[in-house]
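Colleague: One structure follows; several queries about it will come next.
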Amino acid sequence: KVVSGKAVGTFFTKAHQQQAAPFVRAMAAKEAGRVLSSIQSMQRKKLLEDISEGIKRREGAILEANARDVAAAERSFNAEGWTAQKENLLARLVLTQEKLHNLINGIEHLFHNVAGNAVGNNLKWCKVADGLYLEQESCPLGVVLCVFEARPQVLPEVAALCIASGNALIFKGSSQSKHTLAIFHQIINDALKDNKVPTEAVMSLETRSDVSELLALDEHIDMVIPRGGREFMDAIKSATKIPVLGDPDGVCH
């Protein structure tokens, strides 16, 4: 446990985050989330604007990486045999210029309309006694774990929502979209560095076993957002005590 980076008793270790155990990464995300929640609204807007501009600048590279992911998935499906489920998965994996432009518009909407008052917004107040007032303010949840399947644009979507609301994000995407996710993650990391926010505020997981370990860390992860079908949602809910956000049935958009 010590070698893998876990805090055991009074003995603590530090490791490079990419090699660190999920437990250590969750602790690092918690610390980075505190920094993210404390920055000024203008800096939060600038962070989102930098992510949006980064996606615009690297649109060609994103589409090229996505084409590699799609080609690899097609080769795999050709070898295994096609099914309706695999056809749907491939359709979700494909990125187009239109999808990217919709993504950029969504992020721009966040920094124009949401990021300025998402954290520390006075929702309501009441007078308790002379000179004593009770206020309710919006505040971040803490650390969000997002696990999703084929759609690579989920990463910048959820990262932008988390940054706008002052939450750290740990994500696990599909291995079939690894090249596209790598570019999106690099764009987000560059924006975090440029705005003096720890890159641990948006962190990736490599394997399903990492996800399983994080699902047990209800003291460090504050919410889980699974993106997928009913069976996937139920599997996540049954494996954790952490609150799970999401329901794929009915009018859920």
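Each chain in the structure tokens gets a letter, A, B, ..., in the order shown, and its residues are numbered from 1; ligands are numbered from 1 in order too.
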List as a list in words the protein and nucleic acid residues near Gln136 (chain A), meaning an atom at most 7 Å away when only C-alpha atoms are counted, but skip any in the same chain fewer than 6 places from it.
Modeller: Asn122, Leu123, Lys124 and Trp125 of chain A
Colleague: For the residues in the current selection, export C-alpha atoms as a PDB file, in the first residue's frame.
Modeller:
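Saved file part.pdb follows:
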```
ATOM      1  CA  ASN A 122     -26.431  34.364  -2.770  1.00  0.00           C
ATOM      2  CA  LEU A 123     -29.491  32.202  -3.355  1.00  0.00           C
ATOM      3  CA  LYS A 124     -31.641  33.425  -0.481  1.00  0.00           C
ATOM      4  CA  TRP A 125     -31.376  34.950   2.985  1.00  0.00           C
TER       5      TRP A 125
END
```
Colleague: Which residues of region 102-208 of chain A come within 8 Å of region 51-58 of chain A, and for each one, what is the closest pair of atoms and their distance in Å to one decimal, counting only C-alpha atoms, sorted by chain and residue number, as a tab-separated table?
Modeller:
```
residue	atom	partner	partner_atom	distance
A:Ile104	CA	A:Ser52	CA	5.6
A:Ile107	CA	A:Ser52	CA	6.3
A:Glu108	CA	A:Ser52	CA	6.9
A:Phe184	CA	A:Ile55	CA	7.6
A:Ile187	CA	A:Gly54	CA	5.8
A:Ile188	CA	A:Ile51	CA	5.8
A:Ala191	CA	A:Ile51	CA	5.9
```
Colleague: Can you write out the residues you just picked, keeping all heavy atoms, as a compact mmCIF listing (two decimals), in the first residue's frame?
Modeller:
```
# COMPACT_ATOMS: atom_id res chain seq x y z
N ILE A 104 -18.01 24.18 -28.81
CA ILE A 104 -17.43 25.50 -28.56
C ILE A 104 -18.51 26.49 -28.14
O ILE A 104 -18.33 27.26 -27.19
CB ILE A 104 -16.69 26.00 -29.82
CG1 ILE A 104 -15.44 25.16 -30.06
CG2 ILE A 104 -16.33 27.48 -29.69
CD1 ILE A 104 -14.83 25.32 -31.44
N ILE A 107 -19.42 25.90 -24.48
CA ILE A 107 -18.42 26.41 -23.54
C ILE A 107 -18.49 27.94 -23.48
O ILE A 107 -18.40 28.53 -22.40
CB ILE A 107 -17.01 25.93 -23.93
CG1 ILE A 107 -16.93 24.40 -23.83
CG2 ILE A 107 -15.95 26.56 -23.04
CD1 ILE A 107 -15.63 23.81 -24.36
N GLU A 108 -18.69 28.58 -24.63
CA GLU A 108 -18.80 30.05 -24.65
C GLU A 108 -20.03 30.51 -23.88
O GLU A 108 -20.00 31.54 -23.20
CB GLU A 108 -18.82 30.55 -26.08
CG GLU A 108 -17.47 30.41 -26.78
CD GLU A 108 -17.50 30.87 -28.23
OE1 GLU A 108 -18.61 31.08 -28.77
OE2 GLU A 108 -16.41 31.01 -28.83
N PHE A 184 -7.94 16.65 -26.22
CA PHE A 184 -8.84 17.46 -25.39
C PHE A 184 -8.21 17.70 -24.00
O PHE A 184 -8.25 18.81 -23.48
CB PHE A 184 -10.19 16.77 -25.22
CG PHE A 184 -11.14 16.99 -26.37
CD1 PHE A 184 -11.94 15.95 -26.85
CD2 PHE A 184 -11.28 18.24 -26.95
CE1 PHE A 184 -12.82 16.15 -27.89
CE2 PHE A 184 -12.17 18.45 -28.00
CZ PHE A 184 -12.94 17.40 -28.47
N ILE A 187 -5.40 20.26 -24.13
CA ILE A 187 -5.94 21.62 -24.25
C ILE A 187 -6.39 22.14 -22.89
O ILE A 187 -6.11 23.29 -22.50
CB ILE A 187 -7.11 21.65 -25.26
CG1 ILE A 187 -6.59 21.42 -26.68
CG2 ILE A 187 -7.88 22.98 -25.19
CD1 ILE A 187 -7.68 21.15 -27.71
N ILE A 188 -7.09 21.29 -22.14
CA ILE A 188 -7.56 21.68 -20.80
C ILE A 188 -6.38 21.90 -19.86
O ILE A 188 -6.35 22.89 -19.11
CB ILE A 188 -8.52 20.60 -20.25
CG1 ILE A 188 -9.78 20.52 -21.10
CG2 ILE A 188 -8.87 20.89 -18.79
CD1 ILE A 188 -10.61 19.27 -20.87
N ALA A 191 -4.70 25.22 -20.53
CA ALA A 191 -5.50 26.34 -20.00
C ALA A 191 -5.34 26.45 -18.48
O ALA A 191 -5.22 27.55 -17.94
CB ALA A 191 -6.97 26.15 -20.37
```
Colleague: Leaving out Leu48 (chain A) and any residue of its chain fewer than 6 positions from it, which residues lie within 12 Å of it when counting only C-alpha atoms, given as a ChimeraX atom specification?
Modeller: /A:41-42,54-55,104-116,156-166,187-192,194-195
Colleague: Out of A:Gln97, A:Ser174, A:Asn167, A:Asn117, which residue has the shortest atom-to-atom distance to Ser138 (chain A) when counting only C-alpha atoms?
Modeller: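 Smallest distance to Ser138 (chain A) is found for A:Asn117.
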Colleague: Quick one: distance from CA of His220 (chain A) to CA of Phe23 (chain A) in Å, one decimal?
Modeller: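 These atoms are spaced 8.4 Å apart.
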Colleague: Going by DSSP on the backbone, which bits of region 11-214 of chain A are strand (DSSP E or B)? Write them as number ranges by chain, please.
Modeller: A: 11, 122-129, 132-137, 143-148, 168-172, 202-204
Colleague: Closest to Met223 (chain A) among A:Ala201, A:Leu141, A:Ala73, A:Ala239, using only C-alpha atoms?
Modeller: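 Among the listed residues, A:Leu141 lies closest to Met223 (chain A).
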Colleague: Using DSSP on the backbone coordinates, identify all residues within region 137-221 of chain A classified as alpha helix (DSSP H); present the result as a ChimeraX atom specification.
Modeller: /A:154-164,178-194,208-215
Colleague: Which residues are close to Lys241 (chain A), i.e. within 8 Å by only C-alpha atoms, leaving aside same-chain residues fewer than 4 positions away? Reply as JSON, numbers by chain.
Modeller: {"A": [215, 216, 218, 237]}
Colleague: Give me a file of those residues, with all heavy atoms, as a compact mmCIF listing (two decimals), in the first residue's frame.
Modeller:
```
# COMPACT_ATOMS: atom_id res chain seq x y z
N LEU A 215 -14.45 4.38 -6.71
CA LEU A 215 -15.85 4.25 -6.30
C LEU A 215 -15.98 3.88 -4.82
O LEU A 215 -17.05 4.07 -4.24
CB LEU A 215 -16.56 3.20 -7.17
CG LEU A 215 -16.83 3.61 -8.63
CD1 LEU A 215 -17.41 2.43 -9.40
CD2 LEU A 215 -17.75 4.81 -8.71
N ALA A 216 -14.89 3.37 -4.23
CA ALA A 216 -14.92 3.03 -2.81
C ALA A 216 -14.49 4.20 -1.92
O ALA A 216 -14.62 4.12 -0.70
CB ALA A 216 -14.00 1.83 -2.56
N ASP A 218 -15.52 7.14 -0.78
CA ASP A 218 -16.62 8.10 -0.58
C ASP A 218 -16.21 9.29 0.28
O ASP A 218 -16.93 10.30 0.32
CB ASP A 218 -17.84 7.39 0.05
CG ASP A 218 -17.48 6.62 1.31
OD1 ASP A 218 -16.65 5.71 1.22
OD2 ASP A 218 -18.03 6.94 2.37
N LYS A 237 -24.01 2.43 -9.82
CA LYS A 237 -24.76 2.69 -8.59
C LYS A 237 -24.59 1.58 -7.56
O LYS A 237 -24.51 1.84 -6.36
CB LYS A 237 -26.25 2.87 -8.91
CG LYS A 237 -26.58 4.18 -9.60
CD LYS A 237 -28.08 4.26 -9.91
CE LYS A 237 -28.43 5.57 -10.60
NZ LYS A 237 -29.87 5.67 -10.92
```
Colleague: Excluding Gly142 (chain A) and residues on its chain fewer than 4 positions from it, collect all residues at most 8 Å away from it, counting only C-alpha atoms, and give them as a list in words.
Modeller: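 Residues meeting the cut-off are Lys30, Gly33, Arg34, Gly166, Asn167, Ala168, Ile221 and Asp222 of chain A.
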Colleague: Save out the residues we just selected, N, CA, C and O atoms, as a PDB file, in the first residue's frame.
Modeller:
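Okay, result-v3.pdb is ready:
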```pdb
ATOM      1  N   LYS A  30      -8.689  16.704  -4.765  1.00  0.00           N
ATOM      2  CA  LYS A  30      -9.370  17.449  -3.698  1.00  0.00           C
ATOM      3  C   LYS A  30      -8.652  18.761  -3.413  1.00  0.00           C
ATOM      4  O   LYS A  30      -9.281  19.825  -3.288  1.00  0.00           O
ATOM      5  N   GLY A  33      -9.108  21.099  -6.326  1.00  0.00           N
ATOM      6  CA  GLY A  33     -10.477  21.606  -6.328  1.00  0.00           C
ATOM      7  C   GLY A  33     -10.636  22.793  -5.394  1.00  0.00           C
ATOM      8  O   GLY A  33     -11.393  23.733  -5.689  1.00  0.00           O
ATOM      9  N   ARG A  34      -9.906  22.771  -4.276  1.00  0.00           N
ATOM     10  CA  ARG A  34      -9.968  23.908  -3.344  1.00  0.00           C
ATOM     11  C   ARG A  34      -9.402  25.169  -4.000  1.00  0.00           C
ATOM     12  O   ARG A  34      -9.922  26.268  -3.810  1.00  0.00           O
ATOM     13  N   GLY A 166     -16.538  25.333 -10.050  1.00  0.00           N
ATOM     14  CA  GLY A 166     -15.503  25.212  -9.030  1.00  0.00           C
ATOM     15  C   GLY A 166     -15.229  23.812  -8.541  1.00  0.00           C
ATOM     16  O   GLY A 166     -14.711  23.624  -7.434  1.00  0.00           O
ATOM     17  N   ASN A 167     -15.534  22.794  -9.349  1.00  0.00           N
ATOM     18  CA  ASN A 167     -15.322  21.401  -8.940  1.00  0.00           C
ATOM     19  C   ASN A 167     -14.133  20.789  -9.670  1.00  0.00           C
ATOM     20  O   ASN A 167     -13.921  21.048 -10.861  1.00  0.00           O
ATOM     21  N   ALA A 168     -13.368  19.961  -8.972  1.00  0.00           N
ATOM     22  CA  ALA A 168     -12.323  19.170  -9.620  1.00  0.00           C
ATOM     23  C   ALA A 168     -12.980  17.980 -10.329  1.00  0.00           C
ATOM     24  O   ALA A 168     -14.059  17.525  -9.943  1.00  0.00           O
ATOM     25  N   ILE A 221     -14.328  11.394  -3.003  1.00  0.00           N
ATOM     26  CA  ILE A 221     -15.107  11.689  -4.209  1.00  0.00           C
ATOM     27  C   ILE A 221     -16.509  12.095  -3.771  1.00  0.00           C
ATOM     28  O   ILE A 221     -17.143  11.401  -2.969  1.00  0.00           O
ATOM     29  N   ASP A 222     -16.998  13.213  -4.283  1.00  0.00           N
ATOM     30  CA  ASP A 222     -18.266  13.763  -3.799  1.00  0.00           C
ATOM     31  C   ASP A 222     -19.458  13.442  -4.695  1.00  0.00           C
ATOM     32  O   ASP A 222     -20.597  13.478  -4.239  1.00  0.00           O
TER      33      ASP A 222
END
```
Colleague: Choose the residue, out of A:Ala21, A:Val119, A:Val94, A:Ala235, that has the smallest atom-to-atom separation from Leu205 (chain A); count only C-alpha atoms.
Modeller: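 So, comparing all the options, the nearest one is A:Ala21.
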Colleague: With distances taken over only C-alpha atoms, which of A:Ile183, A:Val144, A:Leu169, A:Met27 is nearest to Ile225 (chain A)?
Modeller: A:Val144
Colleague: Please indicate the distance in Å from CA of Leu245 (chain A) to CA of Leu145 (chain A), rounded to one decimal place.
Modeller: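 A separation of 10.3 Å between them.
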Colleague: Please provide the set of residues having any atom within 12 Å of region 82-90 of chain A, restricted to only C-alpha atoms, with same-chain residues fewer than 5 positions apart removed, written as a ChimeraX atom specification.
Modeller: /A:66-67,69-77,95,148-152,174,176-177,228-229
